[in-house]
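Trainee: This is data32.csv (CSV, C-alpha atoms).
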chain,number,residue,atom,x,y,z
A,681,MET,CA,0.0,0.0,0.0
A,682,VAL,CA,2.8,2.4,0.9
A,683,ASP,CA,4.6,1.6,-2.3
A,684,ARG,CA,1.5,2.3,-4.3
A,685,ALA,CA,1.0,5.6,-2.5
A,686,ARG,CA,4.6,6.5,-3.2
A,687,ARG,CA,4.0,6.0,-6.9
A,688,GLY,CA,1.1,8.5,-6.7
A,689,ASP,CA,-1.8,6.1,-6.4
A,690,ARG,CA,-4.5,8.3,-4.9
A,691,GLU,CA,-6.6,5.4,-3.8
A,692,ALA,CA,-3.7,4.0,-1.8
A,693,GLN,CA,-3.1,7.4,-0.2
A,694,GLU,CA,-6.7,7.6,0.8
A,695,VAL,CA,-6.5,4.1,2.4
A,696,LEU,CA,-3.4,5.2,4.3
A,697,VAL,CA,-5.2,8.3,5.6
A,698,GLY,CA,-8.1,6.2,6.8
A,699,ARG,CA,-5.8,3.6,8.4
A,700,HIS,CA,-3.7,6.1,10.4
A,701,LEU,CA,-6.0,9.1,11.1
A,702,GLY,CA,-7.2,7.8,14.4
A,703,ALA,CA,-3.7,7.5,15.8
A,704,VAL,CA,-2.7,10.8,14.3
A,705,PHE,CA,-5.6,12.7,15.7
A,706,ASP,CA,-5.3,11.1,19.1
A,707,LEU,CA,-1.6,12.0,19.4
A,708,ALA,CA,-2.2,15.6,18.1
A,709,TYR,CA,-4.9,16.0,20.7
A,710,ARG,CA,-2.8,14.7,23.5
A,711,ILE,CA,0.0,17.1,22.6
A,712,LEU,CA,-2.1,20.1,22.0
A,713,GLY,CA,-5.0,19.5,24.5
A,714,ASP,CA,-7.4,21.2,22.1
A,715,ARG,CA,-9.7,19.5,19.6
A,716,ASP,CA,-9.7,22.3,17.1
A,717,LEU,CA,-6.0,22.7,17.1
A,718,ALA,CA,-5.6,18.9,16.9
A,719,GLN,CA,-7.8,18.8,13.8
A,720,ASP,CA,-5.7,21.4,12.0
A,721,ALA,CA,-2.5,19.5,13.1
A,722,ALA,CA,-3.9,16.2,12.0
A,723,GLN,CA,-4.8,17.6,8.6
A,724,ASP,CA,-1.4,19.2,8.1
A,725,ALA,CA,0.3,16.0,9.2
A,726,MET,CA,-1.6,13.8,6.7
A,727,ILE,CA,-1.0,16.3,3.9
A,728,ASN,CA,2.7,16.7,4.8
A,729,ALA,CA,3.1,12.9,5.0
A,730,MET,CA,1.6,12.4,1.5
A,731,ASN,CA,3.7,15.3,0.2
A,732,GLY,CA,6.8,13.7,1.6
A,733,ILE,CA,5.9,10.1,0.9
A,734,ALA,CA,8.4,9.9,-2.0
A,735,ARG,CA,11.1,10.4,0.6
A,736,PHE,CA,9.9,7.6,2.8
A,737,ARG,CA,12.5,4.8,2.5
A,738,GLY,CA,11.0,2.3,5.0
A,739,ALA,CA,13.8,2.5,7.5
A,740,ALA,CA,11.0,3.1,10.0
A,741,SER,CA,7.5,1.8,9.7
A,742,PHE,CA,5.1,4.1,7.9
A,743,ARG,CA,3.1,4.4,11.2
A,744,THR,CA,6.2,5.6,13.1
A,745,TRP,CA,7.1,7.9,10.3
A,746,VAL,CA,3.6,9.5,10.2
A,747,LEU,CA,3.5,9.8,14.0
A,748,ARG,CA,6.8,11.7,13.9
A,749,ILE,CA,5.4,14.1,11.3
A,750,THR,CA,2.3,14.4,13.6
A,751,MET,CA,4.4,15.4,16.6
A,752,ASN,CA,6.1,18.0,14.5
A,753,ALA,CA,2.9,19.3,13.0
A,754,ALA,CA,1.3,19.5,16.4
A,755,ARG,CA,4.2,21.5,17.8
A,756,SER,CA,4.1,23.8,14.7
A,757,GLN,CA,0.4,24.3,15.2
A,758,GLY,CA,0.9,25.1,18.9
A,759,ARG,CA,3.6,27.6,18.1
A,760,ARG,CA,1.5,29.2,15.3
A,761,ARG,CA,-1.4,29.8,17.7
A,762,GLY,CA,0.9,30.9,20.5
A,763,ARG,CA,-0.5,28.2,22.7
A,764,ARG,CA,2.3,25.7,22.6
A,765,ARG,CA,1.7,22.9,25.2
A,766,GLU,CA,4.2,20.0,25.3
A,767,VAL,CA,2.2,16.8,25.7
A,768,GLY,CA,-0.6,18.2,27.7
A,769,LEU,CA,-2.7,15.1,27.7
A,770,LYS,CA,-6.0,16.8,28.4
A,771,ALA,CA,-8.1,14.7,30.7
A,772,ALA,CA,-9.6,11.8,28.8
A,773,GLY,CA,-13.1,12.8,30.0
A,774,ASP,CA,-12.8,16.0,27.9
A,775,VAL,CA,-12.6,13.9,24.8
A,776,ALA,CA,-15.7,12.0,25.8
A,777,ALA,CA,-17.6,15.1,26.8
A,778,ARG,CA,-17.3,16.5,23.3
A,779,GLY,CA,-17.5,13.2,21.5
A,780,PRO,CA,-20.6,11.7,19.9
A,781,ASP,CA,-21.9,10.1,23.1
A,782,PRO,CA,-22.3,12.6,26.0
A,783,ALA,CA,-23.0,9.7,28.3
A,784,GLU,CA,-19.3,9.0,28.0
A,785,THR,CA,-18.7,12.1,30.1
A,786,ALA,CA,-18.8,9.8,33.0
A,787,VAL,CA,-15.5,8.4,31.9
A,788,GLN,CA,-13.9,11.5,33.1
A,789,SER,CA,-12.6,10.0,36.3
A,790,ALA,CA,-10.5,11.5,39.0
A,791,GLU,CA,-7.7,9.2,37.7
A,792,ALA,CA,-7.8,10.8,34.2
A,793,ALA,CA,-7.5,14.2,35.8
A,794,ARG,CA,-4.6,13.0,37.9
A,795,ALA,CA,-3.0,11.5,34.8
A,796,THR,CA,-3.1,14.9,33.2
A,797,ALA,CA,-1.5,16.6,36.1
A,798,MET,CA,1.0,13.8,36.6
A,799,LEU,CA,2.2,13.8,33.0
A,800,GLU,CA,2.7,17.5,33.0
A,801,THR,CA,5.2,17.2,35.7
A,802,LEU,CA,7.5,15.0,33.6
A,803,PRO,CA,10.2,16.4,31.3
A,804,PRO,CA,9.1,16.4,27.6
A,805,LYS,CA,11.0,13.3,26.5
A,806,GLN,CA,9.8,11.2,29.4
A,807,ARG,CA,6.2,12.4,28.8
A,808,MET,CA,6.4,11.5,25.1
A,809,ALA,CA,8.0,8.1,25.8
A,810,VAL,CA,5.3,7.1,28.3
A,811,LEU,CA,2.6,8.5,26.1
A,812,LEU,CA,3.7,6.8,22.9
A,813,ARG,CA,4.1,3.5,24.7
A,814,ALA,CA,0.8,3.7,26.6
A,815,THR,CA,-1.4,5.1,23.8
A,816,GLN,CA,0.3,3.7,20.6
A,817,GLY,CA,2.0,0.6,22.0
A,818,LEU,CA,5.3,1.6,20.3
A,819,SER,CA,8.5,-0.2,20.8
A,820,TYR,CA,11.6,1.6,22.3
A,821,GLN,CA,13.2,1.6,18.8
A,822,GLU,CA,10.1,3.3,17.3
A,823,ILE,CA,9.9,5.8,20.2
A,824,GLY,CA,13.6,6.6,19.6
A,825,GLN,CA,12.9,7.2,16.0
A,826,ILE,CA,10.1,9.6,16.8
A,827,LEU,CA,12.0,11.4,19.6
A,828,ASP,CA,15.2,11.4,17.6
A,829,CYS,CA,17.2,9.6,20.2
A,830,THR,CA,18.7,6.1,20.6
A,831,GLU,CA,16.6,3.1,21.4
A,832,GLY,CA,18.4,2.9,24.8
A,833,ALA,CA,17.7,6.6,25.6
A,834,ALA,CA,14.0,6.0,24.8
A,835,ARG,CA,14.0,3.0,27.1
A,836,VAL,CA,15.6,5.0,29.9
A,837,ASN,CA,13.2,7.9,29.4
A,838,TYR,CA,10.3,5.6,29.5
A,839,HIS,CA,11.4,3.9,32.7
A,840,LEU,CA,12.2,7.2,34.4
A,841,GLY,CA,8.7,8.5,33.5
A,842,ILE,CA,7.0,5.3,34.7
A,843,LYS,CA,9.0,5.4,38.0
A,844,ARG,CA,7.9,9.0,38.7
A,845,LEU,CA,4.3,8.4,37.7
A,846,ARG,CA,4.2,5.3,40.0
A,847,GLU,CA,5.3,7.4,42.9
A,848,LYS,CA,2.6,10.0,42.2
A,849,LEU,CA,-0.1,7.3,41.9
A,850,THR,CA,0.7,5.7,45.2
B,1305,MET,CA,11.7,-7.1,42.2
B,1306,THR,CA,12.7,-7.5,38.6
B,1307,SER,CA,13.0,-11.1,37.4
B,1308,LEU,CA,13.5,-12.9,34.2
B,1309,THR,CA,9.8,-13.3,34.0
B,1310,CYS,CA,9.4,-9.5,34.3
B,1311,GLU,CA,11.9,-9.1,31.5
B,1312,ARG,CA,10.0,-11.6,29.3
B,1313,LEU,CA,6.5,-10.3,30.0
B,1314,ARG,CA,7.0,-6.5,30.4
B,1315,ASP,CA,7.0,-5.7,26.8
B,1316,ARG,CA,3.4,-7.0,26.6
B,1317,LEU,CA,2.1,-4.6,29.2
B,1318,PRO,CA,1.4,-1.7,26.8
B,1319,ALA,CA,-0.8,-4.0,24.7
B,1320,ALA,CA,-2.6,-5.2,27.8
B,1321,ALA,CA,-3.1,-1.6,28.9
B,1322,ARG,CA,-4.7,-0.9,25.5
B,1323,GLY,CA,-7.3,-3.6,26.1
B,1324,GLY,CA,-5.4,-6.5,24.6
B,1325,GLU,CA,-6.2,-9.9,25.9
B,1326,MET,CA,-3.9,-11.1,28.8
B,1327,ASP,CA,-3.1,-14.7,28.6
B,1328,ALA,CA,-2.8,-16.8,31.7
B,1329,ALA,CA,0.9,-16.4,32.1
B,1330,LEU,CA,0.8,-12.6,31.9
B,1331,ARG,CA,-2.3,-12.4,34.2
B,1332,GLU,CA,-0.7,-14.6,36.8
B,1333,HIS,CA,2.5,-12.7,36.7
B,1334,VAL,CA,0.8,-9.3,37.1
B,1335,GLU,CA,-1.2,-10.6,40.0
B,1336,SER,CA,2.0,-11.6,41.8
B,1337,CYS,CA,4.4,-8.9,40.7
B,1338,THR,CA,4.0,-5.5,42.3
B,1339,ASP,CA,6.3,-3.8,39.8
B,1340,CYS,CA,4.5,-5.0,36.7
B,1341,ALA,CA,1.1,-4.4,38.3
B,1342,ALA,CA,2.1,-0.8,39.1
B,1343,GLU,CA,3.4,-0.3,35.6
B,1344,LEU,CA,0.2,-1.6,34.1
B,1345,THR,CA,-1.9,0.7,36.2
B,1346,VAL,CA,0.2,3.7,35.1
B,1347,LEU,CA,-0.1,2.7,31.5
B,1348,ARG,CA,-3.9,2.3,31.8
B,1349,VAL,CA,-4.3,5.7,33.6
B,1350,VAL,CA,-2.2,7.5,31.0
B,1351,ARG,CA,-4.0,5.8,28.1
B,1352,GLY,CA,-7.4,6.9,29.4
B,1353,THR,CA,-10.0,7.2,26.6
B,1354,PRO,CA,-8.6,7.6,23.1
B,1355,ALA,CA,-9.7,10.8,21.4
B,1356,THR,CA,-12.5,10.3,18.9
B,1357,VAL,CA,-11.8,11.5,15.4
B,1358,PRO,CA,-14.2,14.5,14.7
B,1359,ASP,CA,-16.9,13.9,12.1
B,1360,GLY,CA,-15.8,15.0,8.7
B,1361,LEU,CA,-12.1,15.3,9.4
B,1362,ASP,CA,-11.3,12.4,7.1
B,1363,THR,CA,-13.4,13.9,4.3
B,1364,ARG,CA,-11.7,17.3,4.7
B,1365,ILE,CA,-8.3,15.6,4.4
B,1366,LEU,CA,-9.3,13.6,1.4
B,1367,GLU,CA,-10.8,16.7,-0.3
B,1368,ARG,CA,-7.4,18.5,0.2
B,1369,LEU,CA,-5.7,15.4,-1.3
B,1370,ARG,CA,-8.1,15.3,-4.3
B,1371,ALA,CA,-7.7,19.1,-4.8
B,1372,GLY,CA,-4.1,18.4,-5.6
B,1373,GLU,CA,-2.3,19.6,-2.6
B,1374,VAL,CA,-0.3,16.4,-2.6
B,1375,ARG,CA,2.7,16.3,-4.9
B,1376,THR,CA,3.7,12.7,-5.7
B,1377,ALA,CA,7.2,11.7,-6.6
B,1378,TRP,CA,6.3,11.6,-10.2
B,1379,SER,CA,4.5,15.0,-10.3
B,1380,ALA,CA,7.3,16.6,-8.2
B,1381,ARG,CA,9.9,15.4,-10.7
B,1382,ARG,CA,7.8,16.5,-13.6
B,1383,LEU,CA,7.4,19.9,-12.0
B,1384,ALA,CA,11.1,20.2,-11.4
B,1385,MET,CA,11.8,19.1,-14.9
B,1386,ALA,CA,9.5,21.8,-16.3
B,1387,ALA,CA,11.1,24.4,-14.1
B,1388,MET,CA,14.5,23.3,-15.2
B,1389,VAL,CA,13.7,23.4,-18.9
B,1390,ALA,CA,12.1,26.9,-18.5
B,1391,PHE,CA,15.1,28.2,-16.7
B,1392,ALA,CA,17.5,26.7,-19.2
B,1393,LEU,CA,15.5,28.3,-22.1
B,1394,VAL,CA,15.7,31.7,-20.4
B,1395,THR,CA,19.3,31.6,-19.4
B,1396,GLY,CA,20.7,29.3,-21.9
B,1397,GLY,CA,22.7,27.8,-19.1
B,1398,ILE,CA,23.0,24.3,-17.8
B,1399,LEU,CA,21.0,23.5,-14.7
B,1400,MET,CA,21.8,20.6,-12.5
B,1401,ASN,CA,18.5,19.1,-11.2
B,1402,ARG,CA,18.9,18.6,-7.5
B,1403,GLY,CA,15.6,16.7,-7.1
B,1404,GLY,CA,13.0,19.4,-7.0
B,1405,GLU,CA,10.8,17.7,-4.5
B,1406,ALA,CA,9.0,19.8,-2.0
B,1407,ASP,CA,10.5,19.8,1.4
B,1408,PRO,CA,7.7,20.3,3.9
B,1409,ALA,CA,8.8,22.1,7.1
B,1410,ASP,CA,7.5,19.3,9.2
B,1411,LEU,CA,9.8,16.8,7.5
B,1412,ALA,CA,12.9,18.8,7.8
B,1413,GLY,CA,13.8,17.3,11.2
B,1414,LEU,CA,13.5,13.7,10.2
B,1415,PRO,CA,16.5,11.6,11.1
B,1416,ALA,CA,18.9,10.9,8.2
B,1417,ASP,CA,18.5,7.1,8.4
B,1418,TRP,CA,14.8,7.5,7.5
B,1419,LEU,CA,15.9,9.0,4.2
B,1420,GLY,CA,17.9,5.9,3.4
B,1421,GLU,CA,21.2,6.8,5.0
B,1422,ALA,CA,23.2,4.9,7.5
B,1423,SER,CA,21.5,4.1,10.8
B,1424,PRO,CA,23.0,5.7,14.0
B,1425,PRO,CA,24.3,3.2,16.5
B,1426,ARG,CA,21.6,1.8,18.8
B,1427,ILE,CA,23.0,1.3,22.3
B,1428,LEU,CA,21.4,-0.6,25.2
B,1429,SER,CA,19.2,-2.4,22.8
B,1430,GLY,CA,17.6,-5.2,24.8
B,1431,ALA,CA,19.8,-4.4,27.8
B,1432,PRO,CA,18.3,-6.3,30.8
B,1433,GLY,CA,17.8,-5.0,34.3
B,1434,LEU,CA,17.0,-1.4,33.5
B,1435,GLU,CA,13.9,-1.6,35.7
B,1436,ALA,CA,16.1,-2.5,38.6
B,1437,LEU,CA,18.1,0.8,38.5
B,1438,SER,CA,17.2,3.6,40.8
B,1439,GLU,CA,15.9,6.9,39.6
B,1440,ASP,CA,19.3,8.5,40.2
B,1441,GLU,CA,21.1,5.7,38.3
B,1442,LEU,CA,18.6,6.1,35.4
B,1443,ILE,CA,19.2,9.8,35.3
B,1444,ARG,CA,23.0,9.3,35.3
B,1445,LEU,CA,22.7,6.7,32.6
B,1446,LEU,CA,20.6,9.0,30.5
B,1447,GLU,CA,23.1,11.9,30.9
B,1448,GLU,CA,25.9,9.6,29.9
B,1449,MET,CA,24.0,8.5,26.8
B,1450,GLU,CA,23.1,12.0,25.8
B,1451,SER,CA,26.6,13.5,26.4
As structure tokens, how would this structure be written, given the file I've shared?
Mentor:
Amino acid sequence: MVDRARRGDREAQEVLVGRHLGAVFDLAYRILGDRDLAQDAAQDAMINAMNGIARFRGAASFRTWVLRITMNAARSQGRRRGRRREVGLKAAGDVAARGPDPAETAVQSAEAARATAMLETLPPKQRMAVLLRATQGLSYQEIGQILDCTEGAARVNYHLGIKRLREKLT
Amino acid sequence: MTSLTCERLRDRLPAAARGGEMDAALREHVESCTDCAAELTVLRVVRGTPATVPDGLDTRILERLRAGEVRTAWSARRLAMAAMVAFALVTGGILMNRGGEADPADLAGLPADWLGEASPPRILSGAPGLEALSEDELIRLLEEMES
């Protein structure tokens, strides 16, 4: 599918957008903490990914590659709006409250609010490492590719983040 | 306490936190290992509820794609070729085509190895026992790795 998209197959590009949009929007939202900004960032990320797909060589998975582009697009979006927030992780309940099912508002638990506050206390790389592993299930190698650090540094950042969050949860 | 079982099963915790099925071995381990149970709890709390994609966002992206905002490798090369020919006609000079593909700002920071170049060394790959290090030791290790 990626090869087809690289050759300019529009149908393949549309399939890739559909396949990855959920993860892209979720990450953009968690970085920006604002659904409108996240929508703009997700759009930019997808268009940029398709514009740059000819340069994708497959050293990382397409998913990792597009998440890296998303992280950069979200940061650009935040800077443009003067509201930059490094991995804010808005409370999960906020998503549900504005989602299609208002009943899901109940999902906004005290734990979710605590998660927001806890994550914001971590340095950016630790926050991103924990976030990418918890929400996307990425490997340390993939996290390193996104954060532009070694696999080992991604691992250490993750474990530091987990250690600190554990202390705050107990 | 970190054990060989922890090492073996820990990589499966993110999937479990995301709602993946836990087999008997993982379930039993988490019930008896406070470290892994705590990590699973943190992962579940952080994950929370995934953001729902707003209605119509996919359509808007596809409309932008269909409107031609995307330059494929072929169209980018063709555009570059046309520009080169036009320039050569005007100046009569020789122009070396350096690719001509658009370079979106958000791609500018991509690691070199993603563009087909040599991969940087990956240290500590699969190193065991990281979980057993104290916070201070982890911080020192990270500082050494980033220096």
Trainee: Hey, which of A:Arg710, A:Asn752, A:Met808, A:Phe742 ends up closest to Pro1354 (chain B)? Count all atoms listed in the file.
Mentor: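 Smallest separation from Pro1354 (chain B) among the options: A:Arg710.
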Trainee: Report the distance between CA of Ala721 (chain A) and CA of Leu707 (chain A) in Å, rounded to one decimal place.
Mentor: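 Interatomic distance, CA of Ala721 (chain A) to CA of Leu707 (chain A): 9.8 Å.
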Trainee: Write out as a count of residues only which residues come within 12 Å of Glu1448 (chain B) when counting only C-alpha atoms, dropping same-chain ones fewer than 3 positions away.
Mentor: 10
Trainee: Using CA of Leu1330 (chain B) and CA of Arg1316 (chain B) as the two end points, give the distance in Å to one decimal.
Mentor: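 Here the two named atoms are 8.1 Å from each other.
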Trainee: Near Ile727 (chain A), counting all atoms listed in the file, which residues have an atom at most 8 Å away, once you skip same-chain residues fewer than 2 positions from it, shown as a PyMOL selection string?
Mentor: (chain A and resi 723-725+729-731) or (chain B and resi 1365+1368-1369+1373-1374)
Trainee: Could you jot down the CA of Ala1329 (chain B) to CA of Ala814 (chain A) separation for me, Å, one decimal place?
Mentor: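 Value for the CA of Ala1329 (chain B)-CA of Ala814 (chain A) distance: 20.8 Å.
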Trainee: Pick out the closest residue to chain A from this set: B:Leu1344, B:Cys1337, B:Met1326, B:Val1349. Count only C-alpha atoms.
Mentor: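 Between B:Leu1344, B:Cys1337, B:Met1326, B:Val1349, the residue approaching chain A most closely is B:Val1349.
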Trainee: Which is closest to chain A among B:Thr1309, B:Ser1438, B:Thr1353, B:Thr1338, if we use all atoms listed in the file?
Mentor: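 Looking at the shortest contact to chain A, the residue is B:Thr1353.
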Trainee: Of the candidates A:Val682, A:Val704, A:Ala834, A:Ala739, which one gets nearest to chain B if we count all atoms listed in the file?
Mentor: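 Closest to chain B of all the choices is A:Ala739.
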Trainee: Would you please work out which residue, of A:Asp828, A:Asp683, A:Glu822, A:Asp714, is nearest to chain B when using only C-alpha atoms?
Mentor: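 Checking each of A:Asp828, A:Asp683, A:Glu822, A:Asp714 against chain B, counting only C-alpha atoms, the winner is A:Asp828.
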Trainee: Can you tell me which residues surround Pro1318 (chain B) at a distance of at most 7 Å, considering all atoms listed in the file, apart from same-chain residues fewer than 2 positions away, and format the answer as a list in words?
Mentor: Arg813, Ala814 and Gly817 of chain A; Asp1315, Arg1316, Ala1320, Ala1321, Arg1322 and Leu1347 of chain B
Trainee: Those residues you just picked out, can you put them in a file as a PDB file, in the coordinates of the input with C-alpha atoms?
Mentor:
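Listed below is the output, result-v8.pdb:
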ATOM      1  CA  ARG A 813       4.100   3.500  24.700  1.00  0.00           C
ATOM      2  CA  ALA A 814       0.800   3.700  26.600  1.00  0.00           C
ATOM      3  CA  GLY A 817       2.000   0.600  22.000  1.00  0.00           C
TER       4      GLY A 817
ATOM      5  CA  ASP B1315       7.000  -5.700  26.800  1.00  0.00           C
ATOM      6  CA  ARG B1316       3.400  -7.000  26.600  1.00  0.00           C
ATOM      7  CA  ALA B1320      -2.600  -5.200  27.800  1.00  0.00           C
ATOM      8  CA  ALA B1321      -3.100  -1.600  28.900  1.00  0.00           C
ATOM      9  CA  ARG B1322      -4.700  -0.900  25.500  1.00  0.00           C
ATOM     10  CA  LEU B1347      -0.100   2.700  31.500  1.00  0.00           C
TER      11      LEU B1347
END
Trainee: Would you mind telling me which residue in B:Ala1355, B:Cys1310, B:Leu1317, B:Leu1437 lies nearest to chain A when using all atoms listed in the file?
Mentor: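 Closest to chain A of all the choices is B:Ala1355.
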Trainee: I want to know what sits within 8 Å of region 848-850 of chain A, based on all atoms listed in the file, with residues of the same chain fewer than 4 positions away left out; could you give that as JSON, numbers by chain?
Mentor: {"A": [798, 844], "B": [1346]}
Trainee: Pull all heavy atoms for region 701-710 of chain A from the block and write them as a CSV table (one decimal), in the first residue's frame.
Mentor:
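Writing the result to decode31.csv gives the following:
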chain,number,residue,atom,x,y,z
A,701,LEU,N,-5.5,7.8,10.6
A,701,LEU,CA,-6.0,9.1,11.1
A,701,LEU,C,-6.4,9.0,12.6
A,701,LEU,O,-6.2,10.0,13.3
A,701,LEU,CB,-7.3,9.5,10.2
A,701,LEU,CG,-7.9,10.8,10.6
A,701,LEU,CD1,-6.9,12.0,10.5
A,701,LEU,CD2,-9.1,11.1,9.8
A,702,GLY,N,-6.9,7.9,13.0
A,702,GLY,CA,-7.2,7.8,14.4
A,702,GLY,C,-6.0,8.0,15.3
A,702,GLY,O,-6.1,8.8,16.3
A,703,ALA,N,-4.9,7.3,15.0
A,703,ALA,CA,-3.7,7.5,15.8
A,703,ALA,C,-3.1,8.9,15.7
A,703,ALA,O,-2.7,9.5,16.7
A,703,ALA,CB,-2.7,6.5,15.4
A,704,VAL,N,-3.2,9.4,14.5
A,704,VAL,CA,-2.7,10.8,14.3
A,704,VAL,C,-3.5,11.8,15.1
A,704,VAL,O,-2.9,12.7,15.7
A,704,VAL,CB,-2.7,11.1,12.7
A,704,VAL,CG1,-2.6,12.6,12.5
A,704,VAL,CG2,-1.6,10.3,12.0
A,705,PHE,N,-4.8,11.7,15.0
A,705,PHE,CA,-5.6,12.7,15.7
A,705,PHE,C,-5.4,12.6,17.2
A,705,PHE,O,-5.3,13.5,18.0
A,705,PHE,CB,-7.1,12.6,15.3
A,705,PHE,CG,-7.9,13.6,16.1
A,705,PHE,CD1,-7.9,14.9,15.7
A,705,PHE,CD2,-8.7,13.2,17.2
A,705,PHE,CE1,-8.7,15.9,16.4
A,705,PHE,CE2,-9.4,14.1,17.9
A,705,PHE,CZ,-9.4,15.5,17.5
A,706,ASP,N,-5.4,11.3,17.7
A,706,ASP,CA,-5.3,11.1,19.1
A,706,ASP,C,-4.0,11.7,19.6
A,706,ASP,O,-3.9,12.4,20.7
A,706,ASP,CB,-5.3,9.6,19.4
A,706,ASP,CG,-5.3,9.3,20.9
A,706,ASP,OD1,-6.2,9.7,21.6
A,706,ASP,OD2,-4.3,8.6,21.4
A,707,LEU,N,-2.9,11.5,18.9
A,707,LEU,CA,-1.6,12.0,19.4
A,707,LEU,C,-1.6,13.5,19.3
A,707,LEU,O,-1.1,14.2,20.3
A,707,LEU,CB,-0.4,11.4,18.5
A,707,LEU,CG,1.0,11.9,18.9
A,707,LEU,CD1,1.3,11.5,20.3
A,707,LEU,CD2,2.0,11.4,17.9
A,708,ALA,N,-2.1,14.1,18.2
A,708,ALA,CA,-2.2,15.6,18.1
A,708,ALA,C,-3.0,16.1,19.2
A,708,ALA,O,-2.6,17.2,19.8
A,708,ALA,CB,-2.8,16.0,16.8
A,709,TYR,N,-4.1,15.5,19.6
A,709,TYR,CA,-4.9,16.0,20.7
A,709,TYR,C,-4.2,15.9,22.0
A,709,TYR,O,-4.3,16.9,22.8
A,709,TYR,CB,-6.2,15.2,20.7
A,709,TYR,CG,-7.1,15.7,21.9
A,709,TYR,CD1,-7.8,16.9,21.9
A,709,TYR,CD2,-7.1,14.9,23.1
A,709,TYR,CE1,-8.5,17.3,22.9
A,709,TYR,CE2,-7.8,15.4,24.2
A,709,TYR,CZ,-8.5,16.6,24.1
A,709,TYR,OH,-9.2,17.0,25.2
A,710,ARG,N,-3.5,14.9,22.2
A,710,ARG,CA,-2.8,14.7,23.5
A,710,ARG,C,-1.7,15.7,23.6
A,710,ARG,O,-1.3,16.1,24.7
A,710,ARG,CB,-2.4,13.3,23.7
A,710,ARG,CG,-3.5,12.3,24.0
A,710,ARG,CD,-3.1,10.9,24.0
A,710,ARG,NE,-4.2,10.0,23.9
A,710,ARG,CZ,-4.7,9.4,25.0
A,710,ARG,NH1,-4.3,9.7,26.2
A,710,ARG,NH2,-5.6,8.5,24.9
